[in-house]
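First comes the structure, then the notes that go with it.
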Amino acid sequence: MNKQKVPVIIDCDPGIDDSFAIYYALNSPMLDVLSVVSVAGNVPLSMTTSNACNLLGLVNSDVPVFAGSDGPLIGDAIEAKYAHGVNGLGGYVFKKEYTNNLQQGNGIEHMARILKSSEQPITIFAIGPLTNIAKLVLAYPDLVGKIDQVVVMGGGVIKGNYSSSAEFNIVADPLAAKVVFDAGLTCKIVPLDTTEYCYFDKEFLQTLKQSSSLKAKTLYDIVNAKHNIESKEEDSKFYFHDMVTVMAVTNPQLFEFIPLHVDVELDGKITKGQTVFDQRSFNRQEPNSLLVTAKSRDDIVAVALEVLTNE
Amino acid sequence: MSKQIIPCIIDCDPGVDDAIALLYALNHPNLDVKAITTVYGNVGLDKTSVNAQLVVGLAQKDTPVFSGARKPLVNQIASAAKVHGEDGFGDFYQSYKHLTSNNDIKDNAVLKMKEIIENSNEPVVLFPLGPMTNIAILLVTFPELKEKIKAISFMGGGFYYGNRTPSAEFNFYCDPHAAQIVLQSGVKLIMSGLDITDQAIITEKELDKFKKIPNKASEVMHKILSKYQSVDQSLHDPVTIMTVTDPELFEFESFHVVVETSGEYSVGKTIADVRKNAPLENRHCVVATKLDHNGFIEKIVNSLSQYKDGGKHE
């Protein structure tokens, strides 16, 4: 393992924006991607797993993929096909099915093995529902200390997307989110407010298309399968939440990290899955998270373009 | 009764009635208790763990004790020290701790359960006697083990009333999310709720029988139960063991059972579908409904009588 690089596990539910996150992480000289673990989220586990394998296989990556949880800790899985298409990648179909990256075994146990054997503490990108990470910290409390940070795409300060109050990854498994936030970890939370502030535009996508990078071209094709990019208004906005989340680690100077206490509404009829950040001026609870906000959208878009098109 | 020897794990929070259940299980000819795993509950985890170790010592067994969850999945911790004493052993832990097993308490109950289930030739029975946090973590993290779990026979819930609150039984109240995970797990479930365990009362006269049994285990049980009895007369946890070892003492009926995980007044409440027209295919939980009380007490007394002092007690 390269000592200069940050060792990371990507826990994800690809997912269009997950695809951006995965290719960004593979291309970033700052990150050493040790493994991808899938979780049911945007689409069912079988699809998030095969999407991850196809994304990696297409670009000849040897990063192993393990399947994780097929649904939330309690209750039934919800999906976000409205945002990600029937197969999670906007209907984009790979020319062949890549299965070489797929490993047999329990994804949570696999994460535990990585943590146990690593000398360096590990960064986990949690860019799907937090089910796998909750299981990891519950079943292996001794290994919590080997987790350098969990960087979560999830929640909103004032925004929701799945419902008017809740962001998808949190409402998909609110109990898991609460377990993770209260686990005593360094938990960086990149909320919808930040990922929507850092929107991308047609020009960005067209640049990906024209690039010589297979990764960039593929990302264009995936978004295009869902949105028919050329037919969109010039000022259309595209959100790649999960990639912005990865960038909070590779380019921390572009973000601010605000210590705050966050809680999750588990039960509310209208507010289930809402993240509640304690921003009171007095009687604030002890922070359990770092709320991530972006400083400059332009810089973030520029860096994203540079990294994604870097072959 | 089946002659087969059943490998099992007892997950508990001793706890006075847990102690009786452990003693009953540890010398039962049909049970092979592979491990005792502990959980916070009646008192904190450190106390329930040393209490389990003390009961193993009383039984003069080598059963290993592994400590598990220190708190519920997400809820605040509750305790039942008013019933079980501040030490969880009727305030007699200090008096008897010299009898404790020599085996150290090791950690990670969940991983130990996993290992036992994986390595067992026969499917394993789990007996959760406290909040079901450890069991829930096991089932969600390692769902592939479910097929090697013969049954989960648990003490928890109650159809018609609670004991911690008017609506909630203590174990369900402590971690309703964990209870719900277990109830929805698809594993075969045998429920001993308050409706059956409150039939397992022990009277002062019956307790006096313990006094006449000439061994240390019975002496200690008499002592701690005398105090417990002033608050709670029900021997809840042994019932849970006996639904498996002594099913002839019981009547059973199947119901669909869930638990309320929120609600100002109803958190931890058992919701059993007792409607006559409840669909048969949804009745996933085998519920003990009626107990032969005299038979129950007789079995407990007989079991305690089997213990012979000597060895570690000298």
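Labeling convention for the structure tokens: chains A, B, ... as they appear, residues from 1 per chain, ligands from 1 in order of appearance.
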Selection: 10 Å around Asn75 (chain B), only C-alpha atoms, excl. self and same-chain fewer than 3 positions, as a short mmCIF file (atom, residue, chain, number, x, y, z; two decimals) with C-alpha atoms, in the first residue's frame:
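For reference, around.cif as written:
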```cif
data_model
loop_
_atom_site.label_atom_id
_atom_site.label_comp_id
_atom_site.auth_asym_id
_atom_site.auth_seq_id
_atom_site.Cartn_x
_atom_site.Cartn_y
_atom_site.Cartn_z
CA LYS A 178 -28.53 6.94 13.95
CA VAL A 179 -26.35 3.99 14.94
CA LYS B 71 -26.36 -0.37 25.26
CA PRO B 72 -29.43 -0.65 23.03
CA ALA B 78 -32.79 1.58 31.15
CA TYR B 173 -38.93 -1.74 26.25
CA CYS B 174 -35.12 -1.66 26.55
CA ASP B 175 -34.50 -2.25 22.85
CA PRO B 176 -37.70 -2.36 20.82
CA HIS B 177 -35.75 -2.03 17.57
CA THR B 261 -40.71 0.97 18.30
#
```
Chain A contacts on chain B, only C-alpha atoms, 7 Å, as a ChimeraX atom specification: /B:73-74,110,137,140-141,181,262
Include all heavy atoms and write out the residues we just selected as a tab-separated table (two decimals), in the first residue's frame.
```
chain	number	residue	atom	x	y	z
B	73	LEU	N	-29.53	-0.59	20.60
B	73	LEU	CA	-29.10	-0.15	19.26
B	73	LEU	C	-29.08	1.37	19.17
B	73	LEU	O	-28.09	1.95	18.73
B	73	LEU	CB	-30.03	-0.72	18.18
B	73	LEU	CG	-30.01	-2.24	17.99
B	73	LEU	CD1	-31.01	-2.64	16.92
B	73	LEU	CD2	-28.61	-2.73	17.63
B	74	VAL	N	-30.17	2.01	19.58
B	74	VAL	CA	-30.20	3.48	19.52
B	74	VAL	C	-30.81	4.12	20.76
B	74	VAL	O	-30.53	5.28	21.05
B	74	VAL	CB	-30.96	4.01	18.27
B	74	VAL	CG1	-30.20	3.68	17.00
B	74	VAL	CG2	-32.37	3.50	18.19
B	110	VAL	N	-21.17	-11.38	20.04
B	110	VAL	CA	-21.79	-11.61	18.73
B	110	VAL	C	-20.89	-12.50	17.86
B	110	VAL	O	-21.35	-13.45	17.23
B	110	VAL	CB	-22.08	-10.26	18.03
B	110	VAL	CG1	-22.49	-10.49	16.58
B	110	VAL	CG2	-23.17	-9.49	18.79
B	137	ILE	N	-28.04	-7.88	16.40
B	137	ILE	CA	-26.78	-7.58	15.70
B	137	ILE	C	-26.30	-8.83	14.95
B	137	ILE	O	-25.89	-8.77	13.78
B	137	ILE	CB	-25.70	-7.06	16.68
B	137	ILE	CG1	-26.12	-5.72	17.28
B	137	ILE	CG2	-24.34	-6.94	15.98
B	137	ILE	CD1	-25.23	-5.22	18.42
B	140	VAL	N	-28.68	-9.42	11.79
B	140	VAL	CA	-28.57	-8.48	10.67
B	140	VAL	C	-27.19	-8.55	10.01
B	140	VAL	O	-27.06	-8.39	8.79
B	140	VAL	CB	-28.89	-7.01	11.04
B	140	VAL	CG1	-30.34	-6.85	11.44
B	140	VAL	CG2	-27.95	-6.44	12.09
B	141	THR	N	-26.17	-8.80	10.81
B	141	THR	CA	-24.81	-8.78	10.24
B	141	THR	C	-24.47	-10.08	9.53
B	141	THR	O	-23.77	-10.07	8.52
B	141	THR	CB	-23.77	-8.52	11.35
B	141	THR	OG1	-24.20	-7.41	12.13
B	141	THR	CG2	-22.40	-8.20	10.77
B	181	ILE	N	-36.34	-6.50	15.05
B	181	ILE	CA	-35.44	-7.18	14.10
B	181	ILE	C	-35.55	-8.69	14.28
B	181	ILE	O	-35.65	-9.44	13.30
B	181	ILE	CB	-33.99	-6.68	14.29
B	181	ILE	CG1	-33.84	-5.27	13.70
B	181	ILE	CG2	-32.99	-7.65	13.65
B	181	ILE	CD1	-32.55	-4.58	14.07
B	262	SER	N	-41.92	3.07	18.52
B	262	SER	CA	-42.02	4.48	18.92
B	262	SER	C	-43.31	4.64	19.72
B	262	SER	O	-43.91	3.68	20.13
B	262	SER	CB	-42.02	5.38	17.69
B	262	SER	OG	-43.16	5.14	16.90
```
Residue list (strand (DSSP E), DSSP) for region 152-217 of chain B, as a ChimeraX atom specification: /B:152-155,189-192
Contacts of Glu167 (chain A) at 9 Å (only C-alpha atoms; same-chain gap of 3+ positions) as number ranges by chain: A: 154-156, 159-164, 170-172, 191-192, 273-275
DSSP helix (DSSP H, G or I) residues within region 46-116 of chain B, as a ChimeraX atom specification: /B:46-59,81-84,93-99,109-116
Generate the output file for the selected residues, C-alpha atoms, as a compact mmCIF listing (two decimals), in the first residue's frame.
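Result written to out.txt:
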```txt
# COMPACT_ATOMS: atom_id res chain seq x y z
CA ASP B 46 -20.09 -5.27 33.59
CA LYS B 47 -22.40 -6.47 36.34
CA THR B 48 -24.45 -8.88 34.22
CA SER B 49 -21.16 -10.39 32.98
CA VAL B 50 -19.66 -11.02 36.41
CA ASN B 51 -23.01 -12.33 37.62
CA ALA B 52 -23.05 -14.84 34.75
CA GLN B 53 -19.53 -15.86 35.68
CA LEU B 54 -20.64 -16.30 39.29
CA VAL B 55 -23.54 -18.56 38.27
CA VAL B 56 -21.16 -20.70 36.19
CA GLY B 57 -19.03 -20.98 39.30
CA LEU B 58 -22.04 -21.97 41.39
CA ALA B 59 -22.85 -24.66 38.83
CA ALA B 81 -32.01 -2.52 39.63
CA LYS B 82 -35.12 -2.00 41.75
CA VAL B 83 -36.11 -5.59 41.05
CA HIS B 84 -32.70 -7.27 40.86
CA TYR B 93 -22.81 -10.44 44.75
CA GLN B 94 -20.12 -9.48 47.24
CA SER B 95 -21.20 -12.28 49.59
CA TYR B 96 -20.72 -14.97 46.97
CA LYS B 97 -18.16 -13.68 44.52
CA HIS B 98 -15.54 -16.09 45.89
CA LEU B 99 -17.54 -18.84 44.15
CA ALA B 109 -20.46 -12.08 22.26
CA VAL B 110 -21.79 -11.61 18.73
CA LEU B 111 -18.68 -12.99 17.03
CA LYS B 112 -18.57 -15.89 19.49
CA MET B 113 -22.19 -16.76 18.72
CA LYS B 114 -21.33 -16.65 15.03
CA GLU B 115 -18.37 -18.98 15.53
CA ILE B 116 -20.41 -21.46 17.58
```
Residues near Thr250 (chain A), cut-off 12 Å, only C-alpha atoms, skip fewer than 6 positions along chain, as a count of residues only: 23
Contact residues around Lys226 (chain A) with only C-alpha atoms at 8 Å, ignoring same-chain residues under 4 positions, as a PyMOL selection string: chain A and resi 84-85+89-92+222
Please save N, CA and C atoms of the selected residues as a tab-separated table (two decimals), in the first residue's frame.
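Listing of selection.tsv after writing:
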```
chain	number	residue	atom	x	y	z
A	84	HIS	N	-32.57	7.29	-10.70
A	84	HIS	CA	-31.45	6.51	-11.22
A	84	HIS	C	-31.85	5.53	-12.33
A	85	GLY	N	-33.12	5.54	-12.71
A	85	GLY	CA	-33.56	4.62	-13.76
A	85	GLY	C	-33.76	3.21	-13.24
A	89	LEU	N	-28.53	2.85	-13.39
A	89	LEU	CA	-27.60	3.64	-14.20
A	89	LEU	C	-28.35	4.28	-15.37
A	90	GLY	N	-29.55	4.72	-15.08
A	90	GLY	CA	-30.34	5.45	-16.08
A	90	GLY	C	-30.74	4.61	-17.28
A	91	GLY	N	-30.60	3.29	-17.16
A	91	GLY	CA	-30.91	2.42	-18.29
A	91	GLY	C	-29.67	2.12	-19.12
A	92	TYR	N	-28.54	2.71	-18.77
A	92	TYR	CA	-27.29	2.44	-19.49
A	92	TYR	C	-26.92	0.96	-19.35
A	222	ILE	N	-23.80	7.36	-19.19
A	222	ILE	CA	-24.75	6.97	-18.13
A	222	ILE	C	-25.74	8.10	-17.88
```
Length of the CA of Ser230 (chain B) to CA of Glu169 (chain B) vector [Å]: 18.9 Å
Quick one: everything within 9 Å of Asp195 (chain B), counting only C-alpha atoms, minus sequence neighbours fewer than 2 positions away in the same chain. Send it as a PDB file with C-alpha atoms, in the first residue's frame.
```pdb
ATOM      1  CA  GLY B 157     -43.112  -8.927  25.535  1.00  0.00           C
ATOM      2  CA  GLY B 158     -46.603  -9.595  26.774  1.00  0.00           C
ATOM      3  CA  PHE B 159     -49.879  -9.612  24.928  1.00  0.00           C
ATOM      4  CA  TYR B 160     -52.100  -7.830  27.410  1.00  0.00           C
ATOM      5  CA  TYR B 161     -49.947  -5.710  29.715  1.00  0.00           C
ATOM      6  CA  SER B 192     -42.324 -16.511  26.589  1.00  0.00           C
ATOM      7  CA  GLY B 193     -44.058 -13.231  27.309  1.00  0.00           C
ATOM      8  CA  THR B 197     -44.061 -16.047  32.777  1.00  0.00           C
ATOM      9  CA  ASP B 198     -46.507 -14.504  35.226  1.00  0.00           C
ATOM     10  CA  GLN B 199     -47.974 -17.994  35.566  1.00  0.00           C
ATOM     11  CA  ALA B 288     -46.423 -20.289  25.213  1.00  0.00           C
ATOM     12  CA  THR B 289     -49.883 -19.573  26.610  1.00  0.00           C
ATOM     13  CA  LYS B 290     -50.492 -21.938  29.515  1.00  0.00           C
TER      14      LYS B 290
END
```
Shell around region 250-254 of chain B at 9 Å using only C-alpha atoms, local window under 3 positions removed, as an NGL selection string: :B and (242-243 or 246-247 or 280 or 283-292)
Distance criterion (only C-alpha atoms): nearest to Ala136 (chain B) out of B:Pro214, B:Asp11, B:Ile241, B:Lys205: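 Ranking B:Pro214, B:Asp11, B:Ile241, B:Lys205 by distance to Ala136 (chain B), first place goes to B:Asp11.
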Selected residue of minimal separation from Asp32 (chain B) among B:Asp91, B:Ser234, B:Thr245, B:Val16, counting only C-alpha atoms: B:Thr245
Proximity to Gly130 (chain B) - best of B:Leu225, B:Val39, B:Ile105, B:Leu207, only C-alpha atoms: B:Val39
For Asn163 (chain B), the nearest of the candidates B:Asp107, B:Glu298, B:Asp232, B:Asp208, counting only C-alpha atoms: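 Among the listed residues, B:Asp232 lies closest to Asn163 (chain B).
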Nearest residue to Pro129 (chain A) from the set A:Leu290, A:Val93, A:Ala40, A:Leu205 (distances using only C-alpha atoms): A:Ala40
